[in-house]
Every structure is written in structure tokens, then in C-alpha cells.
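Notes follow once the structure below has been shown.
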Amino acid sequence: MKDEFKEIEKRFRELGIEGDDVFTLISSKYVQFLNLDLSERLNSLIEKANNINLNGSKSKIEELLEGIVKNDKNGKHLPALYQFFHSKRFRDNTGKFFTPRNVAKSMVEMLPLKKNAIIFDPTCGAGTFLFETAKKWDDLGCTLLANDIDNYLVTLTEIILKIQKNKKHKLKFFNENIYASDISIKDYNNKVDYILANPPFSLKIENFNPNSKLLKNGYKNSDALFIDLAKELLKEGGKLVCLLPHSIISNKEFLDLRKIVEEDWHINAIMVLPEGVFQATANTTTRADIIILKKKGKGVAVSKTVFGNISSVGQALNSRDALFSKDDLSEMLKKQEVRKALEIN
Ligand SMILES: C[S@@+](CC[C@H](N)C(=O)[O-])C[C@H]1O[C@@H](n2cnc3c(N)ncnc32)[C@H](O)[C@@H]1O
């Protein structure tokens, strides 16, 4: 894909357009060419695109843009295009490590299908989790909620989900800081069936959520706050399927955190991922694990815990990785005993 993107970059550069502007033009073309339902957010994207100086090459640029969209009518390339054209902004200090598609797909596979489920990604990035969720729910009704602190990423997620034009899926978009206390996503407290997420890891937090039990117990990091936010949002029996730093599972300093988590949650799965999972999408060796927690409550059945030590996820983990086509994670999810423990059908 990278070679194709480099070719697109070269052709835009020849027409005098670079970086952010290229992506603004591309994303607004998806909205217009695919006739998406407009909203205030999508209208302002179109307006931003209309204000770009096309240096007298309007028809050539239009032709180039149409070619890109015609080749990708389901918007699958949009997250990678964003990363390619926003690489500088992408690497700033906001924890924007997108989840590789294979991993996101397997995490969605871990959700039990349920009619009219409310599914939330509170740090949605370019919408990969919800895109895969929409595919899995297909003609079953559901509500998909997307939030990110970066409004441009919310716009991108809106495009990616609206492209599917699935009338059975209700879509809602938010642009809020999940660590703040007075935010409207809290209207969904105790209503959400599933949270899927790859929140930013171990960020310094300025606004604290006063209801965070883990924070009150001395854990002043974004990972702890995120787990407590998920507890507020989920229904009893609801599941959090997320990536968290490996240190949360392995380090002694988080021993008490793990004990407090077990007071409120059933631990449904811990899958340790190999180093290099984010190498391709974010050029980092940060270690992460997939954690599934089920919120405790009256009548909520205790679930078994699946432990997995995953050594491959269907992509190269470094430049010398020759086993990249193996995908232990998706293989593991084919096993009957794993499916039973995760309550997937
Ligand atoms: C690790 S990325 C994951 C994105 C996407 N879910 C994925 O898996 O590809 C984390 C996302 O969290 C967003 N983010 C960072 N701080 C946030 C905050 N305080 N509130 C909401 N979103 C935030 C970033 O903009 C980024 O898109």
C-alpha cells in the first residue's frame, strides 16, 4: 500500500498540493462522491476542502481524487491514508497508535453478537474497531458510539461508518475528553453493552474524573482512569474489550490495581501480544495486551478466564520477521473452548 500512497503523494506534489491538504481533499471527496448523509462536521470538512488553493489544476485533481475513492468504495484505506499524510501530527504526544486491522478484527470477533447492542469506542481514532463491528453486526440492529478528542479523527470515523449506509445501525459521534468529568458521553452511563478500545497508554492527566475508584487508590494514570470510565458506562454484564499496557498485567507496582479491578469485574481474558504489534502502524515497540473484563452485577454469571500468549498477529513485527502471515490470535479464536469461555457463538 505504501508504494501506492507514495505515488499519490508524488502526483499531488506535482500539482502543488501537500500533506494535510491532500488528506482534506481525499476525505471530503469520499463524502461527496459517495453521497454521504451530511452533518455539521462533514459540511465543515467540505468547506475546508473548498478553501484549498488548487493552483489552477481543478480538473486534474478531481480526476485523481475520483480514482482514489472509486478504488476504495468501503473506505478501508482511509485510516492508512490518514496516517500516511499526517505522519508528523500523528507522532505527537497524544498516544495515537492505531490498532493494526487484524488485531482490531479479532477483538471485534471477541464480542458476543447481540441484537440492538450499544457498542462504544471512546477513543475511536480512525474508526477501525467500529468499522469491523459494523461488518460483524451486518443486518442486526445496533447503536455505534464513537468519540475522540481529535475532531478530525471523529470526522474520519463518521465518514468510514456512514459509507456503509446500513439503516439498521444507529450512529452517534462525540468529540470529548474522556478524562473530564462533565461530558455528555456520560448520558450513556450503565447503558453500554460493549466497549472496544485502544486508549492512549499511560498519559499524564490534567482533568480527573472524581468517581474513579482506582485513582482514589493512588493510581493516577490514564489506564486506571480508563478502566473506571468503562465501569461507569457499561451495563452490569457488559464487556470491556481493550488493549492496555503490558505493565498493568506484569508489574508489581500494579498488584493492588489488579486486586481492585477484580472487586468489580470478572476477568474474561488476558492475551499477551508480541513485541512489535504497533511497529507497522506507529513505529513503536510498546508492549500491549488484550484484556476482556465483564462488569459484575446481580445475576451476572462468572466467566472463565482465557489466557493467551500470542506470538503472531498476521503482520510483520519487525523488518526481519519472516512469519508475518501467521496469525495465532485469529487461530485461537477458532477453538471451541475459547469461544465458549468468551461467550461468542
Ligand atoms: C491508541 S489510539 C487508538 C485509536 C483507535 N481506537 C485504534 O485502535 O486505531 C488512541 C486515540 O485516543 C485519542 N485520545 C487521546 N486522548 C484522548 C482523550 N483524553 N479523550 C478522548 N480521546 C483521546 C487519540 O486522539 C487517539 O485517536
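Chain labels run A, B, ... following the order of the C-alpha cells; each chain numbers its residues from 1, and ligands are numbered from 1 in the order shown.
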Determine, using only C-alpha atoms and all ligand atoms, which residues of chain A have any atom at most 8 Å from an atom of ligand 1, and tabulate each with its shortest atom pair and distance in Å to one decimal place, rows ordered by chain and then rising number, as JSON lines.
```
{"residue": "A:Thr94", "atom": "CA", "partner": "ligand 1", "partner_atom_place_in_ligand_line": "15 (C)", "distance": 5.1}
{"residue": "A:Gly95", "atom": "CA", "partner": "ligand 1", "partner_atom_place_in_ligand_line": "1 (C)", "distance": 5.2}
{"residue": "A:Lys96", "atom": "CA", "partner": "ligand 1", "partner_atom_place_in_ligand_line": "2 (S)", "distance": 4.0}
{"residue": "A:Phe97", "atom": "CA", "partner": "ligand 1", "partner_atom_place_in_ligand_line": "1 (C)", "distance": 4.0}
{"residue": "A:Phe98", "atom": "CA", "partner": "ligand 1", "partner_atom_place_in_ligand_line": "9 (O)", "distance": 3.2}
{"residue": "A:Thr99", "atom": "CA", "partner": "ligand 1", "partner_atom_place_in_ligand_line": "9 (O)", "distance": 4.0}
{"residue": "A:Pro100", "atom": "CA", "partner": "ligand 1", "partner_atom_place_in_ligand_line": "9 (O)", "distance": 7.0}
{"residue": "A:Ala104", "atom": "CA", "partner": "ligand 1", "partner_atom_place_in_ligand_line": "8 (O)", "distance": 6.9}
{"residue": "A:Asp121", "atom": "CA", "partner": "ligand 1", "partner_atom_place_in_ligand_line": "6 (N)", "distance": 6.7}
{"residue": "A:Pro122", "atom": "CA", "partner": "ligand 1", "partner_atom_place_in_ligand_line": "21 (C)", "distance": 6.2}
{"residue": "A:Thr123", "atom": "CA", "partner": "ligand 1", "partner_atom_place_in_ligand_line": "12 (O)", "distance": 4.1}
{"residue": "A:Cys124", "atom": "CA", "partner": "ligand 1", "partner_atom_place_in_ligand_line": "6 (N)", "distance": 3.9}
{"residue": "A:Gly125", "atom": "CA", "partner": "ligand 1", "partner_atom_place_in_ligand_line": "27 (O)", "distance": 3.3}
{"residue": "A:Ala126", "atom": "CA", "partner": "ligand 1", "partner_atom_place_in_ligand_line": "5 (C)", "distance": 5.9}
{"residue": "A:Gly127", "atom": "CA", "partner": "ligand 1", "partner_atom_place_in_ligand_line": "5 (C)", "distance": 6.1}
{"residue": "A:Thr128", "atom": "CA", "partner": "ligand 1", "partner_atom_place_in_ligand_line": "9 (O)", "distance": 5.6}
{"residue": "A:Phe129", "atom": "CA", "partner": "ligand 1", "partner_atom_place_in_ligand_line": "8 (O)", "distance": 6.3}
{"residue": "A:Asn147", "atom": "CA", "partner": "ligand 1", "partner_atom_place_in_ligand_line": "21 (C)", "distance": 6.4}
{"residue": "A:Asp148", "atom": "CA", "partner": "ligand 1", "partner_atom_place_in_ligand_line": "22 (N)", "distance": 3.9}
{"residue": "A:Ile149", "atom": "CA", "partner": "ligand 1", "partner_atom_place_in_ligand_line": "21 (C)", "distance": 4.0}
{"residue": "A:Asp150", "atom": "CA", "partner": "ligand 1", "partner_atom_place_in_ligand_line": "25 (O)", "distance": 5.0}
{"residue": "A:Leu153", "atom": "CA", "partner": "ligand 1", "partner_atom_place_in_ligand_line": "27 (O)", "distance": 6.6}
{"residue": "A:Asn175", "atom": "CA", "partner": "ligand 1", "partner_atom_place_in_ligand_line": "21 (C)", "distance": 7.4}
{"residue": "A:Glu176", "atom": "CA", "partner": "ligand 1", "partner_atom_place_in_ligand_line": "21 (C)", "distance": 5.8}
{"residue": "A:Asn177", "atom": "CA", "partner": "ligand 1", "partner_atom_place_in_ligand_line": "20 (N)", "distance": 3.6}
{"residue": "A:Ile178", "atom": "CA", "partner": "ligand 1", "partner_atom_place_in_ligand_line": "20 (N)", "distance": 4.1}
{"residue": "A:Tyr179", "atom": "CA", "partner": "ligand 1", "partner_atom_place_in_ligand_line": "19 (N)", "distance": 5.5}
{"residue": "A:Ala180", "atom": "CA", "partner": "ligand 1", "partner_atom_place_in_ligand_line": "19 (N)", "distance": 7.7}
{"residue": "A:Leu196", "atom": "CA", "partner": "ligand 1", "partner_atom_place_in_ligand_line": "6 (N)", "distance": 7.9}
{"residue": "A:Ala197", "atom": "CA", "partner": "ligand 1", "partner_atom_place_in_ligand_line": "6 (N)", "distance": 5.4}
{"residue": "A:Asn198", "atom": "CA", "partner": "ligand 1", "partner_atom_place_in_ligand_line": "8 (O)", "distance": 4.7}
{"residue": "A:Pro199", "atom": "CA", "partner": "ligand 1", "partner_atom_place_in_ligand_line": "10 (C)", "distance": 4.7}
{"residue": "A:Pro200", "atom": "CA", "partner": "ligand 1", "partner_atom_place_in_ligand_line": "10 (C)", "distance": 4.5}
{"residue": "A:Phe201", "atom": "CA", "partner": "ligand 1", "partner_atom_place_in_ligand_line": "1 (C)", "distance": 7.1}
{"residue": "A:Leu203", "atom": "CA", "partner": "ligand 1", "partner_atom_place_in_ligand_line": "16 (N)", "distance": 8.0}
```
Dump of C-alpha atoms for the selected residues, as an mmCIF file, in the first residue's frame:
```cif
data_model
loop_
_atom_site.group_PDB
_atom_site.id
_atom_site.type_symbol
_atom_site.label_atom_id
_atom_site.label_comp_id
_atom_site.auth_asym_id
_atom_site.auth_seq_id
_atom_site.Cartn_x
_atom_site.Cartn_y
_atom_site.Cartn_z
ATOM 1 C CA THR A 94 -1.387 12.103 22.218
ATOM 2 C CA GLY A 95 -0.954 8.344 22.102
ATOM 3 C CA LYS A 96 -2.210 7.966 18.532
ATOM 4 C CA PHE A 97 -1.096 4.399 17.914
ATOM 5 C CA PHE A 98 -3.695 2.923 15.599
ATOM 6 C CA THR A 99 -4.558 -0.726 16.106
ATOM 7 C CA PRO A 100 -3.471 -2.993 13.233
ATOM 8 C CA ALA A 104 -8.929 -4.946 15.668
ATOM 9 C CA ASP A 121 -15.246 3.154 21.198
ATOM 10 C CA PRO A 122 -14.439 6.171 23.440
ATOM 11 C CA THR A 123 -11.034 6.783 21.774
ATOM 12 C CA CYS A 124 -12.020 5.816 18.239
ATOM 13 C CA GLY A 125 -9.091 7.210 16.234
ATOM 14 C CA ALA A 126 -9.820 6.475 12.590
ATOM 15 C CA GLY A 127 -12.732 4.188 13.485
ATOM 16 C CA THR A 128 -11.158 0.790 12.738
ATOM 17 C CA PHE A 129 -12.876 -1.029 15.615
ATOM 18 C CA ASN A 147 -15.665 9.533 20.469
ATOM 19 C CA ASP A 148 -12.202 11.032 20.119
ATOM 20 C CA ILE A 149 -10.525 14.157 21.483
ATOM 21 C CA ASP A 150 -9.340 14.944 17.953
ATOM 22 C CA LEU A 153 -10.483 11.758 13.688
ATOM 23 C CA ASN A 175 -15.639 14.974 20.388
ATOM 24 C CA GLU A 176 -14.863 14.926 24.113
ATOM 25 C CA ASN A 177 -12.021 14.432 26.554
ATOM 26 C CA ILE A 178 -12.845 11.132 28.253
ATOM 27 C CA TYR A 179 -10.926 12.060 31.391
ATOM 28 C CA ALA A 180 -13.010 15.166 32.086
ATOM 29 C CA LEU A 196 -13.957 -1.681 22.414
ATOM 30 C CA ALA A 197 -10.870 0.424 22.770
ATOM 31 C CA ASN A 198 -7.216 1.104 22.400
ATOM 32 C CA PRO A 199 -6.963 4.104 24.742
ATOM 33 C CA PRO A 200 -3.804 6.223 24.865
ATOM 34 C CA PHE A 201 -1.351 4.461 27.173
ATOM 35 C CA LEU A 203 -0.810 9.618 29.647
#
```
ask   = If we count only C-alpha atoms, what is near region 41-56 of chain A at a cut-off of 6 Å, once residues fewer than 2 positions away on the same chain are taken out, given as a PyMOL selection string?
value = chain A and resi 24-25+28+38-39+58
For the residues in the current selection, export all heavy atoms as an mmCIF file, in the first residue's frame.
```cif
data_model
loop_
_atom_site.group_PDB
_atom_site.id
_atom_site.type_symbol
_atom_site.label_atom_id
_atom_site.label_comp_id
_atom_site.auth_asym_id
_atom_site.auth_seq_id
_atom_site.Cartn_x
_atom_site.Cartn_y
_atom_site.Cartn_z
ATOM 1 N N THR A 24 -7.279 16.298 3.404
ATOM 2 C CA THR A 24 -8.570 17.014 3.469
ATOM 3 C C THR A 24 -9.321 16.833 2.150
ATOM 4 O O THR A 24 -10.527 16.547 2.139
ATOM 5 C CB THR A 24 -8.326 18.526 3.747
ATOM 6 O OG1 THR A 24 -7.602 18.623 4.959
ATOM 7 C CG2 THR A 24 -9.616 19.296 3.843
ATOM 8 N N LEU A 25 -8.598 16.960 1.039
ATOM 9 C CA LEU A 25 -9.249 16.804 -0.269
ATOM 10 C C LEU A 25 -9.757 15.372 -0.458
ATOM 11 O O LEU A 25 -10.884 15.147 -0.904
ATOM 12 C CB LEU A 25 -8.263 17.164 -1.395
ATOM 13 C CG LEU A 25 -7.914 18.651 -1.539
ATOM 14 C CD1 LEU A 25 -6.775 18.840 -2.529
ATOM 15 C CD2 LEU A 25 -9.142 19.446 -1.997
ATOM 16 N N SER A 28 -12.799 14.639 1.914
ATOM 17 C CA SER A 28 -14.049 15.302 1.519
ATOM 18 C C SER A 28 -14.583 14.713 0.205
ATOM 19 O O SER A 28 -15.784 14.704 -0.037
ATOM 20 C CB SER A 28 -13.875 16.819 1.458
ATOM 21 O OG SER A 28 -13.418 17.206 0.215
ATOM 22 N N LEU A 38 -25.077 14.290 5.192
ATOM 23 C CA LEU A 38 -24.236 15.381 5.705
ATOM 24 C C LEU A 38 -24.569 15.723 7.156
ATOM 25 O O LEU A 38 -25.667 15.443 7.640
ATOM 26 C CB LEU A 38 -24.409 16.610 4.819
ATOM 27 C CG LEU A 38 -23.810 16.435 3.415
ATOM 28 C CD1 LEU A 38 -24.099 17.649 2.546
ATOM 29 C CD2 LEU A 38 -22.300 16.183 3.487
ATOM 30 N N SER A 39 -23.591 16.255 7.849
ATOM 31 C CA SER A 39 -23.774 16.729 9.217
ATOM 32 C C SER A 39 -22.947 17.999 9.309
ATOM 33 O O SER A 39 -22.196 18.325 8.382
ATOM 34 C CB SER A 39 -23.213 15.706 10.200
ATOM 35 O OG SER A 39 -21.809 15.573 9.984
ATOM 36 N N LYS A 58 -7.791 22.218 -11.078
ATOM 37 C CA LYS A 58 -9.011 21.609 -10.528
ATOM 38 C C LYS A 58 -9.376 20.280 -11.201
ATOM 39 O O LYS A 58 -9.607 19.275 -10.525
ATOM 40 C CB LYS A 58 -10.167 22.598 -10.638
ATOM 41 C CG LYS A 58 -11.393 22.167 -9.881
ATOM 42 C CD LYS A 58 -12.373 23.305 -9.701
ATOM 43 C CE LYS A 58 -13.454 22.888 -8.768
ATOM 44 N NZ LYS A 58 -14.683 22.655 -9.088
#
```
List the spatial neighbours of Phe307 (chain A) as a compact mmCIF listing (two decimals) with N, CA and C atoms, in the first residue's frame - criterion: any atom at most 8 Å away, only C-alpha atoms, same-chain residues fewer than 4 positions off excluded.
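What landed in selection04.txt:
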```txt
# COMPACT_ATOMS: atom_id res chain seq x y z
N ALA A 269 -10.55 -12.45 29.84
CA ALA A 269 -9.39 -12.85 29.03
C ALA A 269 -8.20 -11.92 29.23
N ILE A 270 -7.03 -12.54 29.16
CA ILE A 270 -5.78 -11.77 29.13
C ILE A 270 -4.95 -12.40 28.01
N MET A 271 -4.72 -11.65 26.97
CA MET A 271 -3.95 -12.18 25.84
C MET A 271 -2.73 -11.30 25.65
```
key: Interatomic distance (Å, one decimal) between CA of Leu34 (chain A) and CA of Glu18 (chain A)   = 23.6 Å
task = Tell me, as a PyMOL selection string, which residues lie within 8 Å of Lys168 (chain A), counting only C-alpha atoms; anything in the same chain fewer than 5 positions away does not count.
result = chain A and resi 139-142
Selection near region 314-321 of chain A, 8 Å with only C-alpha atoms, sequence-local residues under 3 positions removed, as a short mmCIF file (atom, residue, chain, number, x, y, z; two decimals) with N, CA and C atoms, in the first residue's frame:
```cif
data_model
loop_
_atom_site.label_atom_id
_atom_site.label_comp_id
_atom_site.auth_asym_id
_atom_site.auth_seq_id
_atom_site.Cartn_x
_atom_site.Cartn_y
_atom_site.Cartn_z
N ASN A 102 -5.82 -6.46 11.64
CA ASN A 102 -6.01 -7.86 12.05
C ASN A 102 -6.35 -7.98 13.53
N PRO A 274 2.68 -10.00 21.16
CA PRO A 274 4.14 -9.94 20.98
C PRO A 274 4.65 -8.50 20.85
N GLU A 275 5.92 -8.32 21.16
CA GLU A 275 6.52 -7.01 20.97
C GLU A 275 6.51 -6.71 19.46
N GLY A 276 6.22 -5.48 19.10
CA GLY A 276 6.24 -5.15 17.67
C GLY A 276 4.86 -5.06 17.05
N VAL A 277 3.80 -5.27 17.88
CA VAL A 277 2.44 -5.20 17.34
C VAL A 277 2.14 -3.84 16.70
N PHE A 278 2.70 -2.78 17.32
CA PHE A 278 2.45 -1.43 16.78
C PHE A 278 3.58 -0.94 15.88
N GLN A 279 4.48 -1.86 15.51
CA GLN A 279 5.64 -1.45 14.71
C GLN A 279 5.20 -0.86 13.36
N ALA A 280 4.27 -1.56 12.69
CA ALA A 280 3.89 -1.10 11.35
C ALA A 280 3.02 0.15 11.40
N PHE A 324 5.31 -13.37 9.25
CA PHE A 324 4.25 -12.39 9.46
C PHE A 324 2.88 -12.82 8.99
N SER A 325 2.82 -13.85 8.12
CA SER A 325 1.47 -14.20 7.67
C SER A 325 0.76 -15.09 8.70
N LYS A 326 1.48 -15.60 9.70
CA LYS A 326 0.82 -16.41 10.74
C LYS A 326 -0.01 -15.49 11.63
N ASP A 327 -1.16 -15.98 12.08
CA ASP A 327 -1.99 -15.15 12.95
C ASP A 327 -2.54 -16.03 14.08
N ASP A 328 -1.74 -16.17 15.14
CA ASP A 328 -2.13 -17.00 16.29
C ASP A 328 -3.40 -16.52 16.95
#
```
message = Could you check the closest approach to Asn209 (chain A) for each of A:Gly308, A:Phe226, A:Ile249, A:Phe254 and tell me which residue wins, using only C-alpha atoms?
response = A:Phe226
message = To test your reading of the structure, identify every residue in region 174-340 of chain A that backbone DSSP assigns to helix (DSSP H, G or I), and report it as a count of residues only.
response = 53
task = Name the residues in contact with Gly237 (chain A) at a cut-off of 7 Å, using only C-alpha atoms, excluding same-chain residues fewer than 3 positions from it; report them as a list in words.
result = Lys294, Lys295, Lys296, Gly297 and Val300 of chain A
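The environment of region 332-336 of chain A within 10 Å, counting only C-alpha atoms and disregarding residues fewer than 6 places along the same chain, consists of Ser106, Met107, Glu109, Met110, Gly308, Ile310, Leu342, Ile344 and Asn345 of chain A.
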Selected residues written out with C-alpha atoms, as a PDB file, in the first residue's frame:
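Everything below was put into again26.pdb:
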```pdb
ATOM      1  CA  SER A 106     -10.004 -10.308  16.222  1.00  0.00           C
ATOM      2  CA  MET A 107     -11.028  -8.047  19.102  1.00  0.00           C
ATOM      3  CA  GLU A 109     -14.697 -11.206  16.967  1.00  0.00           C
ATOM      4  CA  MET A 110     -14.452 -11.475  20.781  1.00  0.00           C
ATOM      5  CA  GLY A 308      -3.224 -16.469  25.701  1.00  0.00           C
ATOM      6  CA  ILE A 310       0.172 -14.738  21.309  1.00  0.00           C
ATOM      7  CA  LEU A 342     -15.738 -15.761  25.646  1.00  0.00           C
ATOM      8  CA  ILE A 344     -19.222 -15.999  21.429  1.00  0.00           C
ATOM      9  CA  ASN A 345     -21.369 -18.079  19.147  1.00  0.00           C
TER      10      ASN A 345
END
```
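Straight-line separation from CA of Leu257 (chain A) to CA of Leu215 (chain A): 9.6 Å.
As for CA of Ile248 (chain A) and CA of Phe208 (chain A), they are spaced 19.7 Å apart.
When only C-alpha atoms are used to compute distances to Asp193 (chain A), the closest of the residues A:Ala117, A:Leu255, A:Leu214, A:Val69 turns out to be A:Ala117.
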message = Just checking: using only C-alpha atoms, which residue out of A:Ser303, A:Asn309, A:Ser59, A:Thr157 ends up closest to Ile290 (chain A)?
response = A:Asn309
message = Using DSSP secondary structure from the backbone, list all strand (DSSP E) positions within region 219-317 of chain A, as a PyMOL selection string.
response = chain A and resi 234-245+265-272+288-295+306-309
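For the set A:Asp138, A:Glu253, A:Glu132, A:Asp228, the residue with the smallest atom-to-atom gap to Lys115 (chain A) is A:Asp138, counting only C-alpha atoms.
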